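Single-structure report; data block below.
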Amino acid sequence: MTTELKKTPLYQTYIDQGAKVIDFSGWALPVQFSSIKEEHNAVRTKVGIFDVSHMGEIIVTGEEADQFVQYALTNDSSILNETKAQYTTLCNEKGGVVDDLVIYKLDESVYFLVVNAGNTDIDFEWLQKIEGFNVNIENKSSEYGQLAIQGPEARDLVQKLVDVNVSEMKMFEFQQKVSLFGKEVILSQSGYTGEDGFEVYCQSEDTKEIWDGFISEGVVPCGLGARDTLRLEAALPLHGQDLSEQITPYEAGIGFAVKPLIEADFIGKSVLKDQKENGAERKSIGIEMIDKGIPRTDYKILDADSNEIGYVTSGTQSPSTGKAIAMGLIKKEAFELGKDILIQVRKRQVKAKIVKKSSFKS
């Protein structure tokens with residue numbers, strides 16, 4: 001029996017615009033509208049728009065909402081206010097990442113959690129099972145649309161279209177009740193491309209009108225293919241590959257999303273505290289291929305003597321540089337910047353080297 005794919009409010013728009021639609025985490029989403037390279041370059045040089053309405057939205061309210069999110073999530077939510085969002089993770093007791101997400105404090109004791117599409121139900125159930133707090137947890141995903149406007153020209157364009165000043169907005173700052181194409185939205189200075197840009201949260205029924213408004217301004221529609229190459233060039237992790245319930249934030253290189261060693265308790269604290277103080281057993285690395293070959297997820301990473309030291313978590317051919325790049329997870333003792341390694345590409349052992357992730361775009 002085939003399960004029908006979920007659709008965002010823009011599904012018919014994909015079809016009308018001739019996009020190539022695929023199954024992504026149970027959603028029918030566009031992998032490309034024109035070509036991955038064209039869309040990638042549009043975001044790197046001008047401005048592109050992505051439909052990310054498949055992402056989940058969970059709202060936590062109640063008199064103990066502050067204490068709840070501090071306990072449930074790894075980052076320090078006490079520093080949030082009604083204009084400051086935060087990247088954080090939801091971890092299990094072993095420190096593994098159940099999901100990575102962005103949290104917004106919309107009002108006193110009102111938190112808006114934006115989670116990965118494939119994990120929305122998992123996260124919702126996980127949060128509901130946390131006991132000891134007087135809170136109300138609601139999955140509001142079906143009520144929201146989300147669009148990402150990304151690229152070096154994004155800020156000037158958005159400024160022209162909204163009724164608030166966005167010129168000084170910094171990463172993870174946001175404004176509420178912003179008017180955009182006559183619709184009230186939450187405007188967040190955030191994204192998943194490594195470029196300047198904004199994410200727009202709107203009522204589901206307003207998504208198409210806002211999308212059409214941006215398209216009429218000449219913004220290039222972009223799909224999942226460019227989203228993946230852009231985020232990989234920026235070394236941004238993808239849950240299910242670079243992050244998982246078997247990979248901790250410190251192993252994945254996102255230890256900044258774990259709160260300082262404060263007194264407050266949180267799920268996974270004992271393991272993460274130990275890794276902060278003593279180091280994790282594994283380390284996320286940047287990889288650049290020397291020989292021809294693209295390093296794909298789960299390919300084995302070997303040392304120069306062909307001993308297995310880890311595996312590739314994400315890999316692609318960089319549209320910006322033409323180089324084959326990847327992120328991988330290896331034993332910490334095997335790490336050395338600039339070190340030559342081997343990637344097991346099917347039956348071949350292909351030469352590569354360990355590089356700084358910051359070198360991916362250049």
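Chains: A, B, ... in order of the structure tokens. Residues: from 1 per chain. Ligands: from 1, in order shown.
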
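Within 10 Å of Gln67 in chain A, once only C-alpha atoms are used and residues closer than 4 positions along the same chain are dropped, the contacting residues are A:Glu63, A:Tyr71, A:Ala72, A:Ser77, A:Ser78, A:Ser109, A:Phe133, A:Asn134, A:Val135, A:Ala264, A:Asp265, A:Phe266.
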
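Near range 89-101 of chain A, within 6 Å and counting only C-alpha atoms, sit A:Leu73, A:Thr74, A:Val114, A:Val115, A:Ser244, A:Glu245, A:Gln246, A:Ile247, A:Thr248, A:Ile267, A:Gly268, A:Val271, A:Leu272, not including residues fewer than 6 positions from it in the same chain.
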
- Lys20 in chain A environment, 7 Å, only C-alpha atoms, sequence neighbours closer than 3 positions dropped, as an MDAnalysis selection string: chainID A and resid 30:33

- Item | Surrounding residues of Ser314 in chain A excluding itself and chain neighbours under 5 positions, 6 Å, only C-alpha atoms, as a VMD selection string | chain A and resid 297 326 to 327

Write out, as an mmCIF file, in the first residue's frame, the residues just selected, with C-alpha atoms.
```
data_model
loop_
_atom_site.group_PDB
_atom_site.id
_atom_site.type_symbol
_atom_site.label_atom_id
_atom_site.label_comp_id
_atom_site.auth_asym_id
_atom_site.auth_seq_id
_atom_site.Cartn_x
_atom_site.Cartn_y
_atom_site.Cartn_z
ATOM 1 C CA THR A 297 27.080 9.478 2.577
ATOM 2 C CA ALA A 326 32.405 16.245 2.066
ATOM 3 C CA MET A 327 31.965 16.200 5.794
#
```

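Taking only C-alpha atoms into account, Ile215 in chain A lies nearest to A:Leu157 out of the set A:Thr120, A:Val52, A:Leu157, A:Gln344.
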
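Restricting the calculation to only C-alpha atoms, the smallest distance between Thr8 in chain A and any of A:Gln349, A:Thr207, A:Ser359, A:Thr61 is found for A:Thr207.
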
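Proximity ranking of A:Asp163, A:Val258, A:Glu57, A:Leu147 relative to Leu113 in chain A places A:Glu57 first, based on only C-alpha atoms.
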
- Task: Mind the document's chain letters and residue numbers, and return as a ChimeraX atom specification the residues of range 4-217 of chain A that DSSP labels alpha helix (DSSP H).
- Result: /A:11-16,36-45,65-72,120-128,154-161,207-216

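Neighbours of Leu127 in chain A closer than or equal to 10 Å, with only C-alpha atoms counted and sequence neighbours fewer than 3 positions away skipped, come out as Ile58, Val60, Phe68, Val69, Ala72, Leu73, Leu90, Asp121, Ile122, Asp123, Phe124, Ile130, Glu131, Ile137 and Glu138 of chain A.
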
Give me the residues near Asp305 in chain A as a PDB file with C-alpha atoms, in the first residue's frame, where near means some atom within 10 Å (using only C-alpha atoms) and where sequence neighbours in that chain fewer than 3 positions away do not count.
```
ATOM      1  CA  LEU A 302      40.488   5.128   5.574  1.00  0.00           C
ATOM      2  CA  GLU A 308      39.092   2.321   8.562  1.00  0.00           C
ATOM      3  CA  ILE A 341      43.229   9.984   3.633  1.00  0.00           C
ATOM      4  CA  LEU A 342      41.399   7.533   1.404  1.00  0.00           C
TER       5      LEU A 342
END
```

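The smallest atom-to-atom distance between His54 in chain A and any of A:Ile186, A:Gln86, A:Val158, A:Tyr201, using only C-alpha atoms, is found for A:Tyr201.
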
Set out as JSON lines a contact list for range 291-362 of chain A and range 218-237 of chain A with a cut-off of 7 Å, giving each residue of range 291-362 of chain A that qualifies its closest atom pair and distance in Å to one decimal, counting only C-alpha atoms, ordered by chain and rising residue number.
```
{"residue": "A:Thr316", "atom": "CA", "partner": "A:Thr229", "partner_atom": "CA", "distance": 6.7}
{"residue": "A:Ser318", "atom": "CA", "partner": "A:Thr229", "partner_atom": "CA", "distance": 6.6}
{"residue": "A:Lys357", "atom": "CA", "partner": "A:Ala235", "partner_atom": "CA", "distance": 5.9}
{"residue": "A:Phe360", "atom": "CA", "partner": "A:Glu233", "partner_atom": "CA", "distance": 5.1}
{"residue": "A:Lys361", "atom": "CA", "partner": "A:Glu233", "partner_atom": "CA", "distance": 5.4}
```
